[in-house]
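Student: This is protein.tsv, which holds TSV, C-alpha atoms:
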chain	number	residue	atom	x	y	z
T	48	MET	CA	-72.25	90.64	70.82
T	49	LEU	CA	-71.33	90.90	67.14
T	50	THR	CA	-74.17	91.24	64.66
T	51	ARG	CA	-74.23	88.81	61.73
T	52	ARG	CA	-73.12	91.60	59.37
T	53	GLU	CA	-70.18	92.53	61.61
T	54	ALA	CA	-69.15	88.88	61.90
T	55	LEU	CA	-69.22	88.45	58.13
T	56	ARG	CA	-67.21	91.64	57.67
T	57	GLN	CA	-64.55	90.48	60.12
T	58	THR	CA	-64.38	87.06	58.46
T	59	ALA	CA	-63.90	88.67	55.05
T	60	LEU	CA	-61.09	90.86	56.38
T	61	VAL	CA	-59.34	87.84	57.88
T	62	VAL	CA	-59.58	85.91	54.60
T	63	LEU	CA	-58.29	88.83	52.53
T	64	GLY	CA	-55.51	89.50	55.00
T	65	ALA	CA	-54.44	85.87	54.95
T	66	ALA	CA	-54.33	85.86	51.15
T	67	ALA	CA	-52.21	89.00	51.10
T	68	ALA	CA	-49.90	87.65	53.78
T	69	ARG	CA	-49.24	84.61	51.62
T	70	GLY	CA	-48.15	86.97	48.86
T	71	LEU	CA	-45.58	88.58	51.18
T	72	ALA	CA	-44.15	85.32	52.54
T	73	GLN	CA	-41.98	83.11	50.39
T	74	ASP	CA	-43.39	79.95	48.88
T	75	THR	CA	-41.36	76.75	49.14
T	76	PRO	CA	-39.24	75.19	47.84
T	77	ALA	CA	-36.65	77.83	46.99
T	78	THR	CA	-36.76	76.82	43.32
T	79	ALA	CA	-40.41	77.92	43.09
T	80	GLU	CA	-41.39	81.53	42.49
T	81	PRO	CA	-40.83	82.95	45.99
T	82	PHE	CA	-43.54	85.62	45.83
T	83	THR	CA	-46.89	85.74	44.06
T	84	LEU	CA	-49.17	88.45	42.72
T	85	PRO	CA	-52.27	88.45	44.93
T	86	PRO	CA	-55.64	88.72	43.18
T	87	LEU	CA	-57.63	91.90	43.52
T	88	PRO	CA	-60.27	91.53	46.25
T	89	TYR	CA	-62.94	92.98	43.90
T	90	ALA	CA	-63.62	93.34	40.18
T	91	THR	CA	-61.49	95.81	38.24
T	92	ASP	CA	-64.53	98.03	37.66
T	93	ALA	CA	-65.72	97.91	41.28
T	94	LEU	CA	-64.19	101.29	42.16
T	95	GLU	CA	-65.80	103.16	39.27
T	96	PRO	CA	-66.29	106.06	38.77
T	97	HIS	CA	-63.56	107.06	41.19
T	98	ILE	CA	-60.84	104.74	39.84
T	99	ASP	CA	-61.47	103.39	36.35
T	100	ALA	CA	-61.31	99.73	35.37
T	101	ARG	CA	-58.57	100.15	32.76
T	102	THR	CA	-56.28	101.83	35.29
T	103	MET	CA	-56.92	99.01	37.76
T	104	GLU	CA	-56.16	96.38	35.13
T	105	ILE	CA	-52.86	97.97	34.11
T	106	HIS	CA	-51.87	98.98	37.63
T	107	HIS	CA	-52.43	95.50	39.07
T	108	ALA	CA	-51.44	93.13	36.29
T	109	ARG	CA	-48.59	95.08	34.68
T	110	HIS	CA	-47.10	97.35	37.32
T	111	HIS	CA	-47.61	95.19	40.41
T	112	GLY	CA	-46.95	92.08	38.33
T	113	ALA	CA	-43.59	93.50	37.19
T	114	TYR	CA	-42.57	94.24	40.78
T	115	VAL	CA	-43.27	90.63	41.73
T	116	ALA	CA	-41.41	89.22	38.71
T	117	ASN	CA	-38.30	91.35	39.28
T	118	LEU	CA	-38.29	90.67	43.02
T	119	ASN	CA	-38.46	86.92	42.35
T	120	LYS	CA	-35.49	87.08	39.97
T	121	ALA	CA	-33.40	88.83	42.61
T	122	VAL	CA	-34.36	86.48	45.44
T	123	LEU	CA	-33.89	83.30	43.39
T	124	ALA	CA	-30.40	84.49	42.43
T	125	THR	CA	-29.45	85.17	46.07
T	126	PRO	CA	-29.39	82.06	48.30
T	127	SER	CA	-29.01	84.08	51.50
T	128	LEU	CA	-32.49	85.56	50.88
T	129	HIS	CA	-34.25	82.23	50.44
T	130	GLY	CA	-36.92	81.82	53.10
T	131	ARG	CA	-36.81	85.42	54.35
T	132	SER	CA	-40.10	87.31	54.52
T	133	LEU	CA	-40.46	90.44	52.46
T	134	GLU	CA	-41.19	92.51	55.56
T	135	ASP	CA	-37.95	91.36	57.15
T	136	MET	CA	-35.94	92.27	54.06
T	137	LEU	CA	-37.53	95.70	53.77
T	138	ARG	CA	-37.25	96.43	57.47
T	139	ARG	CA	-33.54	95.48	57.46
T	140	LEU	CA	-32.36	96.48	54.00
T	141	ASP	CA	-28.80	96.80	55.27
T	142	THR	CA	-28.74	92.99	55.67
T	143	VAL	CA	-29.71	92.40	52.02
T	144	PRO	CA	-26.67	91.76	49.78
T	145	GLU	CA	-25.61	94.93	48.02
T	146	SER	CA	-25.85	93.25	44.60
T	147	VAL	CA	-29.67	93.01	44.90
T	148	ARG	CA	-30.40	95.62	47.58
T	149	THR	CA	-31.71	98.25	45.17
T	150	THR	CA	-33.91	95.66	43.43
T	151	VAL	CA	-35.36	94.48	46.74
T	152	ARG	CA	-35.90	98.07	47.85
T	153	ASN	CA	-37.66	99.11	44.65
T	154	HIS	CA	-39.46	95.96	43.49
T	155	GLY	CA	-39.92	94.41	46.92
T	156	GLY	CA	-41.21	97.74	48.14
T	157	GLY	CA	-43.54	97.94	45.16
T	158	HIS	CA	-44.92	94.48	45.92
T	159	TYR	CA	-45.39	95.26	49.62
T	160	ASN	CA	-46.99	98.66	49.06
T	161	HIS	CA	-49.40	97.48	46.40
T	162	THR	CA	-50.41	94.34	48.29
T	163	LEU	CA	-51.61	96.64	51.07
T	164	PHE	CA	-53.02	99.24	48.69
T	165	TRP	CA	-55.56	96.91	47.04
T	166	GLN	CA	-56.91	95.95	50.47
T	167	MET	CA	-57.15	99.58	51.54
T	168	LEU	CA	-59.72	100.19	48.78
T	169	ALA	CA	-63.35	99.09	48.62
T	170	PRO	CA	-66.43	100.00	46.56
T	171	ARG	CA	-68.09	101.57	49.60
T	172	ALA	CA	-65.83	103.75	51.70
T	173	GLY	CA	-67.82	104.12	54.90
T	174	VAL	CA	-66.28	106.21	57.68
T	175	PRO	CA	-63.69	105.68	60.42
T	176	ARG	CA	-65.41	104.30	63.50
T	177	SER	CA	-64.96	103.68	67.20
T	178	GLU	CA	-61.36	103.30	68.38
T	179	LEU	CA	-59.80	104.43	65.09
T	180	ALA	CA	-62.03	107.51	64.82
T	181	GLN	CA	-61.22	108.49	68.39
T	182	ALA	CA	-57.49	108.05	67.78
T	183	LEU	CA	-57.63	110.20	64.64
T	184	GLU	CA	-59.45	112.92	66.55
T	185	ARG	CA	-56.90	112.85	69.35
T	186	ALA	CA	-54.00	113.02	66.90
T	187	PHE	CA	-55.34	115.58	64.41
T	188	GLY	CA	-58.17	117.40	66.17
T	189	THR	CA	-61.02	116.29	63.89
T	190	LEU	CA	-61.55	113.76	61.13
T	191	ASP	CA	-61.83	116.62	58.65
T	192	ALA	CA	-58.52	118.03	59.86
T	193	PHE	CA	-56.89	114.62	59.37
T	194	ARG	CA	-58.23	114.41	55.84
T	195	GLU	CA	-57.01	117.92	55.04
T	196	GLN	CA	-53.51	117.24	56.39
T	197	PHE	CA	-53.27	113.89	54.62
T	198	THR	CA	-54.42	115.39	51.33
T	199	ALA	CA	-51.97	118.27	51.67
T	200	ALA	CA	-49.12	115.81	52.22
T	201	ALA	CA	-50.12	113.80	49.14
T	202	LEU	CA	-50.21	116.93	46.97
T	203	ARG	CA	-46.93	118.20	48.41
T	204	LEU	CA	-44.99	115.03	47.60
T	205	PHE	CA	-42.71	115.78	44.64
T	206	GLY	CA	-42.54	113.19	41.89
T	207	SER	CA	-43.56	109.60	42.57
T	208	GLY	CA	-44.27	108.04	45.93
T	209	TRP	CA	-46.82	107.34	48.64
T	210	THR	CA	-48.56	109.17	51.45
T	211	TRP	CA	-49.29	107.10	54.55
T	212	LEU	CA	-51.11	107.14	57.84
T	213	VAL	CA	-48.77	105.18	60.10
T	214	TRP	CA	-48.36	104.11	63.69
T	215	GLN	CA	-44.88	105.17	64.77
T	216	GLU	CA	-43.37	105.52	68.22
T	217	GLY	CA	-46.73	105.11	69.91
T	218	ARG	CA	-48.69	107.66	67.90
T	219	LEU	CA	-50.43	108.29	64.60
T	220	ARG	CA	-48.45	110.21	62.00
T	221	ILE	CA	-48.71	111.18	58.34
T	222	LEU	CA	-45.63	110.10	56.41
T	223	ASN	CA	-44.47	110.50	52.80
T	224	THR	CA	-42.18	107.96	51.16
T	225	ALA	CA	-40.47	108.38	47.80
T	226	ASN	CA	-40.76	105.96	44.90
T	227	GLN	CA	-41.51	102.48	46.34
T	228	ASP	CA	-39.90	103.02	49.73
T	229	THR	CA	-42.00	101.61	52.55
T	230	PRO	CA	-42.80	102.85	56.06
T	231	LEU	CA	-41.09	99.70	57.36
T	232	ALA	CA	-37.69	101.24	56.65
T	233	GLU	CA	-38.59	104.02	59.08
T	234	ASN	CA	-39.82	101.61	61.75
T	235	ALA	CA	-43.40	102.66	61.08
T	236	TYR	CA	-46.48	100.45	60.73
T	237	PRO	CA	-48.67	101.44	57.74
T	238	LEU	CA	-52.40	101.77	58.31
T	239	LEU	CA	-53.56	103.62	55.20
T	240	GLY	CA	-51.73	104.66	52.05
T	241	VAL	CA	-52.41	106.40	48.75
T	242	ASP	CA	-50.29	105.70	45.68
T	243	VAL	CA	-49.44	108.99	43.96
T	244	TRP	CA	-47.36	107.56	41.16
T	245	GLU	CA	-48.90	108.81	37.92
T	246	HIS	CA	-49.59	105.24	36.78
T	247	ALA	CA	-52.19	105.09	39.57
T	248	TYR	CA	-54.35	107.78	38.01
T	249	TYR	CA	-53.05	109.22	34.72
T	250	LEU	CA	-55.51	107.52	32.34
T	251	LYS	CA	-58.47	109.16	34.06
T	252	TYR	CA	-57.04	112.24	35.74
T	253	GLN	CA	-53.93	113.04	33.65
T	254	ASN	CA	-51.83	115.45	35.77
T	255	ARG	CA	-54.70	116.36	38.13
T	256	ARG	CA	-53.40	114.65	41.25
T	257	ALA	CA	-55.69	116.73	43.46
T	258	ASP	CA	-58.78	115.37	41.66
T	259	TYR	CA	-57.48	111.81	41.99
T	260	VAL	CA	-56.82	112.14	45.72
T	261	ALA	CA	-60.25	113.71	46.25
T	262	ALA	CA	-61.85	110.77	44.41
T	263	TRP	CA	-59.69	108.23	46.27
T	264	TRP	CA	-61.28	109.19	49.60
T	265	ASN	CA	-64.55	107.75	48.25
T	266	VAL	CA	-63.09	104.23	48.08
T	267	VAL	CA	-61.04	104.00	51.30
T	268	HIS	CA	-61.74	100.69	53.04
T	269	TRP	CA	-62.03	102.01	56.58
T	270	ASP	CA	-62.88	98.61	58.06
T	271	PHE	CA	-59.53	97.29	56.82
T	272	VAL	CA	-57.73	100.33	58.22
T	273	ALA	CA	-59.47	99.85	61.57
T	274	GLU	CA	-58.45	96.17	61.59
T	275	ARG	CA	-54.81	97.09	61.07
T	276	PHE	CA	-55.05	99.75	63.77
T	277	ALA	CA	-56.48	97.20	66.20
T	278	HIS	CA	-53.44	94.95	65.54
T	279	ARG	CA	-50.78	97.67	65.52
T	280	PRO	CA	-47.54	96.92	67.36
T	281	VAL	CA	-47.41	98.31	70.88
Here is a file; write its structure as structure tokens.

Tutor:
Amino acid sequence: MLTRREALRQTALVVLGAAAARGLAQDTPATAEPFTLPPLPYATDALEPHIDARTMEIHHARHHGAYVANLNKAVLATPSLHGRSLEDMLRRLDTVPESVRTTVRNHGGGHYNHTLFWQMLAPRAGVPRSELAQALERAFGTLDAFREQFTAAALRLFGSGWTWLVWQEGRLRILNTANQDTPLAENAYPLLGVDVWEHAYYLKYQNRRADYVAAWWNVVHWDFVAERFAHRPV
């Protein structure tokens, strides 16, 4: 039987997930702004001292906001995209008209990645538990080994992009994507991701990506990751 705390935690995850899903599905009618910037699920200073409030303000309102605005312009100008979900467009980029394909890839990818990213963070990190912890141990040997391999991938990625823990072809994998490319384009289901664009950390960490990634582990929302793992495609 669920404890009251566990029930409240699961309810909060469902509410946050529903709000984010609304941001990835188009609003109607087609003349409205198709996609919306989801609110942060916590205050901008909630992740201090690991991620500073000013970075969160700029990252969310300006960078993520710009991705949403540019994506909306492209979709509104392209009738064949009206009503399509963002996941569908990103998963099947070859079906997006060439005139807006790059915009959907970059700005749609930025919207998708960041909508997940905010939910993957929380003021109290906790630890991977139960089914997720066991799966990580089977895939990587130990939780520490997973963390080391994930961190190494994030530091190895050249330029801007993301490092992900994904479910792909029936197993857990660590995957790097460039710029705002998403795991969807590689038929992978994202569980956890870290943004290693410099705008995610430069105000506090300057060029010290390793320090940023080390700090980021302190705010990973493992309950959200576990929820996604429990609902992974099979």

Student: May I ask which of the residues T:Leu163, T:Leu137, T:Ala201, T:Ala273 is the closest one to Asn234 in chain T, counting all atoms listed in the file?

Tutor: T:Leu137

Student: I'd like to know which of T:Arg256, T:His161, T:His246, T:Arg152 is closest to Ala200 in chain T, using all atoms listed in the file.

Tutor: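 The closest residue to Ala200 in chain T is T:Arg256.
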
Student: Mind listing whatever residues come within 9 Å of the point (-58.5, 104.6, 50.0)? Use all atoms listed in the file, file coordinates, and give them as a list in words.

Tutor: Phe164, Trp165, Gln166, Met167, Leu168, Ala169, Ala172, Leu239, Gly240, Val241, Val260, Ala262, Trp263, Trp264, Asn265, Val266, Val267, His268 and Trp269 of chain T

Student: Given all atoms listed in the file as the basis, pick out the residue of T:Thr162, T:Gln196, T:Gln227, T:Ser146 nearest to Leu87 in chain T.

Tutor: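 With all atoms listed in the file as the atom set, the closest residue is T:Thr162.
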
Student: Which neighbours of Thr224 in chain T fall inside 12 Å, counting all atoms listed in the file, when residues of the same chain fewer than 4 positions from it are skipped, and could you give them as a PyMOL selection string?

Tutor: chain T and resi 153+156-157+160+200-201+203-213+228-233+235+237+240-244
